[in-house]
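Below is protein-v8.pdb, which holds PDB, C-alpha atoms and all ligand atoms.
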ATOM      1  CA  MET A   8      37.536 -70.437   8.390  1.00  0.00           C
ATOM      2  CA  ARG A   9      37.977 -67.930  11.156  1.00  0.00           C
ATOM      3  CA  THR A  10      40.605 -66.646  13.482  1.00  0.00           C
ATOM      4  CA  ASP A  11      40.824 -67.884  17.011  1.00  0.00           C
ATOM      5  CA  PRO A  12      39.939 -65.452  19.739  1.00  0.00           C
ATOM      6  CA  GLU A  13      43.453 -65.748  21.133  1.00  0.00           C
ATOM      7  CA  THR A  14      46.831 -67.008  20.115  1.00  0.00           C
ATOM      8  CA  GLN A  15      47.459 -70.513  21.318  1.00  0.00           C
ATOM      9  CA  LYS A  16      50.551 -71.311  23.300  1.00  0.00           C
ATOM     10  CA  ALA A  17      52.721 -74.322  22.475  1.00  0.00           C
ATOM     11  CA  PRO A  18      50.496 -77.367  22.918  1.00  0.00           C
ATOM     12  CA  THR A  19      50.884 -79.050  26.298  1.00  0.00           C
ATOM     13  CA  PRO A  20      51.289 -82.853  26.475  1.00  0.00           C
ATOM     14  CA  LYS A  21      47.719 -83.098  27.755  1.00  0.00           C
ATOM     15  CA  LEU A  22      46.441 -81.185  24.768  1.00  0.00           C
ATOM     16  CA  VAL A  23      48.526 -83.328  22.401  1.00  0.00           C
ATOM     17  CA  TYR A  24      47.101 -86.441  24.036  1.00  0.00           C
ATOM     18  CA  ARG A  25      43.559 -85.177  23.532  1.00  0.00           C
ATOM     19  CA  PHE A  26      44.316 -84.313  19.933  1.00  0.00           C
ATOM     20  CA  TRP A  27      45.232 -87.922  19.134  1.00  0.00           C
ATOM     21  CA  LYS A  28      42.324 -89.242  21.166  1.00  0.00           C
ATOM     22  CA  TYR A  29      39.838 -87.501  18.872  1.00  0.00           C
ATOM     23  CA  THR A  30      41.703 -87.890  15.599  1.00  0.00           C
ATOM     24  CA  ARG A  31      40.993 -90.682  13.185  1.00  0.00           C
ATOM     25  CA  SER A  32      44.077 -90.685  11.012  1.00  0.00           C
ATOM     26  CA  GLY A  33      44.467 -92.624   7.809  1.00  0.00           C
ATOM     27  CA  ASP A  34      44.580 -92.089   4.077  1.00  0.00           C
ATOM     28  CA  GLY A  35      43.274 -88.734   2.993  1.00  0.00           C
ATOM     29  CA  CYS A  36      41.474 -86.532   5.475  1.00  0.00           C
ATOM     30  CA  TRP A  37      41.865 -87.195   9.179  1.00  0.00           C
ATOM     31  CA  GLU A  38      38.414 -86.853  10.637  1.00  0.00           C
ATOM     32  CA  TRP A  39      37.972 -85.162  13.955  1.00  0.00           C
ATOM     33  CA  THR A  40      35.759 -87.408  16.086  1.00  0.00           C
ATOM     34  CA  GLY A  41      35.275 -84.879  18.880  1.00  0.00           C
ATOM     35  CA  ALA A  42      32.969 -81.889  19.004  1.00  0.00           C
ATOM     36  CA  LEU A  43      32.481 -79.665  15.972  1.00  0.00           C
ATOM     37  CA  SER A  44      31.862 -75.952  15.830  1.00  0.00           C
ATOM     38  CA  LYS A  45      28.816 -74.586  14.044  1.00  0.00           C
ATOM     39  CA  ALA A  46      30.931 -74.071  10.950  1.00  0.00           C
ATOM     40  CA  GLY A  47      32.120 -77.680  11.114  1.00  0.00           C
ATOM     41  CA  TYR A  48      35.591 -77.212  12.586  1.00  0.00           C
ATOM     42  CA  GLY A  49      36.853 -79.670  15.194  1.00  0.00           C
ATOM     43  CA  VAL A  50      36.998 -78.091  18.628  1.00  0.00           C
ATOM     44  CA  LEU A  51      38.216 -78.964  22.091  1.00  0.00           C
ATOM     45  CA  SER A  52      37.376 -77.233  25.284  1.00  0.00           C
ATOM     46  CA  PHE A  53      40.605 -76.765  27.166  1.00  0.00           C
ATOM     47  CA  GLN A  54      41.157 -74.690  30.265  1.00  0.00           C
ATOM     48  CA  ARG A  55      37.903 -72.873  29.660  1.00  0.00           C
ATOM     49  CA  ARG A  56      38.748 -71.869  26.150  1.00  0.00           C
ATOM     50  CA  THR A  57      37.972 -73.217  22.734  1.00  0.00           C
ATOM     51  CA  VAL A  58      40.855 -74.753  20.872  1.00  0.00           C
ATOM     52  CA  TYR A  59      40.414 -75.402  17.174  1.00  0.00           C
ATOM     53  CA  ALA A  60      41.555 -78.900  16.277  1.00  0.00           C
ATOM     54  CA  HIS A  61      43.010 -77.971  12.874  1.00  0.00           C
ATOM     55  CA  ARG A  62      45.029 -75.147  14.426  1.00  0.00           C
ATOM     56  CA  LEU A  63      46.208 -77.497  17.149  1.00  0.00           C
ATOM     57  CA  SER A  64      47.236 -80.041  14.524  1.00  0.00           C
ATOM     58  CA  TYR A  65      49.222 -77.372  12.720  1.00  0.00           C
ATOM     59  CA  GLU A  66      51.014 -76.420  15.946  1.00  0.00           C
ATOM     60  CA  ILE A  67      51.775 -80.031  16.871  1.00  0.00           C
ATOM     61  CA  HIS A  68      53.266 -80.813  13.475  1.00  0.00           C
ATOM     62  CA  PHE A  69      54.788 -77.557  12.325  1.00  0.00           C
ATOM     63  CA  GLY A  70      55.168 -75.337  15.371  1.00  0.00           C
ATOM     64  CA  PRO A  71      53.656 -71.939  16.089  1.00  0.00           C
ATOM     65  CA  ILE A  72      51.214 -70.473  13.597  1.00  0.00           C
ATOM     66  CA  PRO A  73      52.881 -67.449  12.030  1.00  0.00           C
ATOM     67  CA  GLU A  74      51.406 -64.221  13.298  1.00  0.00           C
ATOM     68  CA  GLY A  75      48.471 -62.933  11.347  1.00  0.00           C
ATOM     69  CA  ARG A  76      48.013 -66.204   9.469  1.00  0.00           C
ATOM     70  CA  LEU A  77      45.010 -68.461   9.357  1.00  0.00           C
ATOM     71  CA  VAL A  78      45.297 -72.221   9.268  1.00  0.00           C
ATOM     72  CA  CYS A  79      43.575 -73.128   6.012  1.00  0.00           C
ATOM     73  CA  HIS A  80      42.541 -76.430   4.468  1.00  0.00           C
ATOM     74  CA  HIS A  81      43.739 -77.554   1.048  1.00  0.00           C
ATOM     75  CA  CYS A  82      40.978 -80.149   1.191  1.00  0.00           C
ATOM     76  CA  ASP A  83      38.101 -77.850   2.073  1.00  0.00           C
ATOM     77  CA  ASN A  84      37.025 -80.173   4.850  1.00  0.00           C
ATOM     78  CA  PRO A  85      36.789 -78.124   8.037  1.00  0.00           C
ATOM     79  CA  ALA A  86      36.708 -81.236  10.246  1.00  0.00           C
ATOM     80  CA  CYS A  87      39.984 -82.496   8.755  1.00  0.00           C
ATOM     81  CA  VAL A  88      43.095 -82.327  10.949  1.00  0.00           C
ATOM     82  CA  ASN A  89      45.574 -84.031   8.601  1.00  0.00           C
ATOM     83  CA  PRO A  90      48.634 -81.743   8.801  1.00  0.00           C
ATOM     84  CA  SER A  91      49.460 -82.375   5.156  1.00  0.00           C
ATOM     85  CA  HIS A  92      46.102 -80.825   4.256  1.00  0.00           C
ATOM     86  CA  LEU A  93      46.781 -77.703   6.308  1.00  0.00           C
ATOM     87  CA  TYR A  94      48.731 -74.571   5.607  1.00  0.00           C
ATOM     88  CA  ALA A  95      49.170 -71.194   7.196  1.00  0.00           C
ATOM     89  CA  GLY A  96      47.566 -68.816   4.755  1.00  0.00           C
ATOM     90  CA  THR A  97      46.497 -65.230   4.557  1.00  0.00           C
ATOM     91  CA  GLU A  98      42.938 -63.952   4.492  1.00  0.00           C
ATOM     92  CA  ARG A  99      43.360 -63.803   0.736  1.00  0.00           C
ATOM     93  CA  ASP A 100      44.400 -67.481   0.520  1.00  0.00           C
ATOM     94  CA  ASN A 101      41.393 -68.360   2.584  1.00  0.00           C
ATOM     95  CA  ALA A 102      39.061 -66.435   0.302  1.00  0.00           C
ATOM     96  CA  ARG A 103      40.593 -68.150  -2.720  1.00  0.00           C
ATOM     97  CA  ASP A 104      40.019 -71.554  -1.082  1.00  0.00           C
ATOM     98  CA  MET A 105      36.367 -70.673  -0.680  1.00  0.00           C
ATOM     99  CA  VAL A 106      36.161 -69.767  -4.367  1.00  0.00           C
ATOM    100  CA  ASN A 107      37.758 -73.079  -5.265  1.00  0.00           C
ATOM    101  CA  ARG A 108      35.323 -74.964  -3.083  1.00  0.00           C
ATOM    102  CA  GLY A 109      34.252 -78.125  -4.786  1.00  0.00           C
ATOM    103  CA  ARG A 110      36.797 -77.830  -7.557  1.00  0.00           C
ATOM    104  CA  ASP A 111      40.028 -78.518  -5.757  1.00  0.00           C
ATOM    105  CA  ARG A 112      39.253 -81.290  -3.368  1.00  0.00           C
ATOM    106  CA  HIS A 113      42.366 -83.329  -3.803  1.00  0.00           C
ATOM    107  CA  VAL A 114      45.802 -82.411  -2.636  1.00  0.00           C
ATOM    108  CA  ILE A 115      48.278 -83.028  -5.413  1.00  0.00           C
ATOM    109  CA  PRO A 116      51.551 -84.475  -4.140  1.00  0.00           C
ATOM    110  CA  PRO A 117      54.888 -83.112  -5.346  1.00  0.00           C
ATOM    111  CA  VAL A 118      55.869 -84.292  -8.811  1.00  0.00           C
ATOM    112  CA  SER A 119      58.789 -86.335  -7.468  1.00  0.00           C
ATOM    113  CA  GLU A 120      56.410 -88.433  -5.369  1.00  0.00           C
ATOM    114  CA  ARG A 121      53.876 -88.847  -8.127  1.00  0.00           C
ATOM    115  CA  ALA A 122      56.596 -90.046 -10.471  1.00  0.00           C
ATOM    116  CA  ARG A 123      57.728 -92.684  -8.014  1.00  0.00           C
ATOM    117  CA  GLY A 124      54.201 -93.907  -7.592  1.00  0.00           C
ATOM    118  CA  GLU A 125      55.009 -95.416  -4.212  1.00  0.00           C
ATOM    119  CA  VAL A 126      53.508 -92.798  -2.006  1.00  0.00           C
ATOM    120  CA  HIS A 127      49.761 -92.679  -1.704  1.00  0.00           C
ATOM    121  CA  VAL A 128      48.415 -90.221  -4.254  1.00  0.00           C
ATOM    122  CA  ARG A 129      46.704 -88.069  -1.681  1.00  0.00           C
ATOM    123  CA  SER A 130      49.610 -87.896   0.725  1.00  0.00           C
ATOM    124  CA  LYS A 131      51.654 -84.778   0.731  1.00  0.00           C
ATOM    125  CA  LEU A 132      54.712 -84.947   2.916  1.00  0.00           C
ATOM    126  CA  THR A 133      56.510 -81.943   4.172  1.00  0.00           C
ATOM    127  CA  GLU A 134      60.129 -81.770   5.292  1.00  0.00           C
ATOM    128  CA  VAL A 135      58.858 -81.556   8.845  1.00  0.00           C
ATOM    129  CA  SER A 136      56.855 -84.748   8.586  1.00  0.00           C
ATOM    130  CA  VAL A 137      59.777 -86.525   6.891  1.00  0.00           C
ATOM    131  CA  LEU A 138      61.974 -85.665   9.864  1.00  0.00           C
ATOM    132  CA  GLU A 139      59.290 -86.789  12.258  1.00  0.00           C
ATOM    133  CA  ILE A 140      58.880 -90.112  10.449  1.00  0.00           C
ATOM    134  CA  ARG A 141      62.648 -90.737  10.481  1.00  0.00           C
ATOM    135  CA  ASN A 142      63.023 -89.858  14.133  1.00  0.00           C
ATOM    136  CA  ARG A 143      60.087 -91.916  15.268  1.00  0.00           C
ATOM    137  CA  PHE A 144      61.117 -94.891  13.140  1.00  0.00           C
ATOM    138  CA  ALA A 145      64.654 -94.681  14.531  1.00  0.00           C
ATOM    139  CA  ALA A 146      63.153 -94.616  18.025  1.00  0.00           C
ATOM    140  CA  GLY A 147      61.470 -97.946  17.322  1.00  0.00           C
ATOM    141  CA  GLU A 148      58.024 -97.101  16.029  1.00  0.00           C
ATOM    142  CA  ASN A 149      56.837 -99.502  13.362  1.00  0.00           C
ATOM    143  CA  ALA A 150      56.364 -98.647   9.722  1.00  0.00           C
ATOM    144  CA  VAL A 151      52.761 -99.846   9.579  1.00  0.00           C
ATOM    145  CA  SER A 152      51.506 -97.442  12.225  1.00  0.00           C
ATOM    146  CA  LEU A 153      53.550 -94.600  10.728  1.00  0.00           C
ATOM    147  CA  ALA A 154      52.094 -95.395   7.323  1.00  0.00           C
ATOM    148  CA  ARG A 155      48.585 -95.252   8.727  1.00  0.00           C
ATOM    149  CA  GLU A 156      49.237 -92.010  10.539  1.00  0.00           C
ATOM    150  CA  PHE A 157      50.804 -90.231   7.589  1.00  0.00           C
ATOM    151  CA  GLY A 158      48.408 -91.624   5.023  1.00  0.00           C
ATOM    152  CA  MET A 159      51.164 -93.455   3.198  1.00  0.00           C
ATOM    153  CA  THR A 160      51.948 -96.966   2.106  1.00  0.00           C
ATOM    154  CA  LYS A 161      54.427 -99.032   4.108  1.00  0.00           C
ATOM    155  CA  SER A 162      56.842 -98.961   1.196  1.00  0.00           C
ATOM    156  CA  GLY A 163      56.466 -95.196   1.030  1.00  0.00           C
ATOM    157  CA  ILE A 164      57.526 -95.011   4.673  1.00  0.00           C
ATOM    158  CA  ALA A 165      60.422 -97.391   4.005  1.00  0.00           C
ATOM    159  CA  GLN A 166      61.637 -95.148   1.215  1.00  0.00           C
ATOM    160  CA  VAL A 167      61.568 -92.199   3.568  1.00  0.00           C
ATOM    161  CA  THR A 168      63.328 -93.972   6.445  1.00  0.00           C
ATOM    162  CA  ARG A 169      65.961 -95.377   4.103  1.00  0.00           C
ATOM    163  CA  GLY A 170      66.605 -92.006   2.547  1.00  0.00           C
ATOM    164  CA  ILE A 171      65.577 -93.060  -0.951  1.00  0.00           C
ATOM    165  CA  THR A 172      63.074 -90.246  -1.102  1.00  0.00           C
ATOM    166  CA  TRP A 173      63.586 -86.854   0.526  1.00  0.00           C
ATOM    167  CA  LYS A 174      67.378 -87.285   0.629  1.00  0.00           C
ATOM    168  CA  HIS A 175      68.001 -83.622   1.256  1.00  0.00           C
ATOM    169  CA  VAL A 176      66.008 -83.473   4.474  1.00  0.00           C
ATOM    170  CA  GLY A 177      68.398 -85.294   6.805  1.00  0.00           C
ATOM    171  CA  GLY A 178      67.530 -86.973  10.086  1.00  0.00           C
ATOM    172  CA  PRO A 179      68.349 -90.578  10.962  1.00  0.00           C
ATOM    173  CA  VAL A 180      68.436 -92.642   7.779  1.00  0.00           C
ATOM    174  CA  LEU A 181      68.242 -96.337   8.527  1.00  0.00           C
ATOM    175  CA  ARG A 182      68.141 -99.662   6.849  1.00  0.00           C
ATOM    176  CA  LEU A 183      66.800-102.874   8.293  1.00  0.00           C
ATOM    177  CA  THR A 184      68.899-105.998   8.535  1.00  0.00           C
ATOM    178  CA  GLN A 185      67.684-109.401   9.502  1.00  0.00           C
ATOM    179  CA  ALA A 186      69.861-111.033  12.151  1.00  0.00           C
ATOM    180  CA  ASP A 187      68.904-113.784  14.578  1.00  0.00           C
ATOM    181  CA  GLY A 188      65.396-113.623  13.171  1.00  0.00           C
ATOM    182  CA  LEU A 189      65.038-110.040  14.356  1.00  0.00           C
ATOM    183  CA  LEU A 190      64.766-106.946  12.275  1.00  0.00           C
ATOM    184  CA  ARG A 191      67.395-104.501  13.418  1.00  0.00           C
ATOM    185  CA  ARG A 192      67.649-100.868  12.634  1.00  0.00           C
ATOM    186  CA  VAL A 193      71.119-100.034  11.434  1.00  0.00           C
ATOM    187  CA  HIS A 194      72.411 -96.578  10.627  1.00  0.00           C
ATOM    188  CA  HIS A 195      73.849 -96.160   7.196  1.00  0.00           C
ATOM    189  CA  ALA A 196      77.574 -95.686   7.305  1.00  0.00           C
ATOM    190  CA  ASP A 197      77.576 -93.542   4.188  1.00  0.00           C
TER     191      ASP A 197
HETATM  192 ZN    ZN B   1      41.750 -83.099   4.617  1.00  0.00          ZN
END
Could I get this structure in the form of structure tokens?
Ligand SMILES: [Zn+2]
Amino acid sequence: MRTDPETQKAPTPKLVYRFWKYTRSGDGCWEWTGALSKAGYGVLSFQRRTVYAHRLSYEIHFGPIPEGRLVCHHCDNPACVNPSHLYAGTERDNARDMVNRGRDRHVIPPVSERARGEVHVRSKLTEVSVLEIRNRFAAGENAVSLAREFGMTKSGIAQVTRGITWKHVGGPVLRLTQADGLLRRVHHAD
């Protein structure tokens, strides 16, 4: 892990587009299919500078990287850009990750999710991704593609969009009703 030579600005739509173009999302790690740095990090060349793919992923999903923080991998896979495997850590966190190399490869989901057993064991949602899932589902995106993108099962997504899991987070909570052979998204009244 290393620091970027400069602080990145908010990702432009073009940069976001290129991020998804080179990202193979799915269960577990999202592999970067574009160029890799010598150390194995995904990189993009953008406006004559090097943008690190994992840092870009962090910015797309969580917003600006806090000053003085590094974007670290829980999964110890430098080419991974799955936001649920990333966190903004200190130099010390980063050093500890290196020590744990090979011992801590799997991200352990929160206890509540493990207990339910519906969410994929390696997925680790954050409040931010829950909101994103709800908003995008409410805007018409389908559960299968969301499931693929967030490394979850379809029923895991349904539990999120229906507010069964992550109740406290808010955002549009919907249920589906079947009418005229069409699935409709209906806001909960309660
Ligand atoms: Zn990963």
Let me know the residues the PyMOL selection byres (((chain A and resi 26-41) around 8) and not hetatm) catches in the file above, as a PyMOL selection string.
chain A and resi 22-25+42-43+49-51+60+63-64+82+84+86-89+92+127+129-130+155-159
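The space separating CA of Gly75 in chain A from CA of Ala102 in chain A comes to 14.9 Å.
Comparing A:Arg169, A:Lys174, A:His81, A:Arg143 by their smallest distance to ligand ZN 1 (chain B), the closest is A:His81 (using all atoms listed in the file).
The space separating CA of Val78 in chain A from CA of Ala95 in chain A comes to 4.5 Å.
As for CA of Pro18 in chain A and CA of Lys45 in chain A, they are spaced 23.6 Å apart.
Taking all atoms listed in the file into account, ligand ZN 1 (chain B) lies nearest to A:His61 out of the set A:His61, A:Arg99, A:His68, A:Arg76.
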Counting only C-alpha atoms and all ligand atoms, the option among A:Leu181, A:Leu93, A:Ala165, A:Ala17 closest to ligand ZN 1 (chain B):
A:Leu93
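If you measure from each of A:Ser162, A:Thr168, A:Thr97, A:Ser91 to Leu138 in chain A using all atoms listed in the file, the closest one turns out to be A:Thr168.
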Using all atoms listed in the file, which of A:Tyr59, A:Tyr48, A:Glu74, A:His80 sits nearest ligand ZN 1 (chain B)?
A:His80
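Nearest to ligand ZN 1 (chain B) of all the residues A:Cys79, A:Val137, A:Val58, A:Ile72 is A:Cys79, based on all atoms listed in the file.
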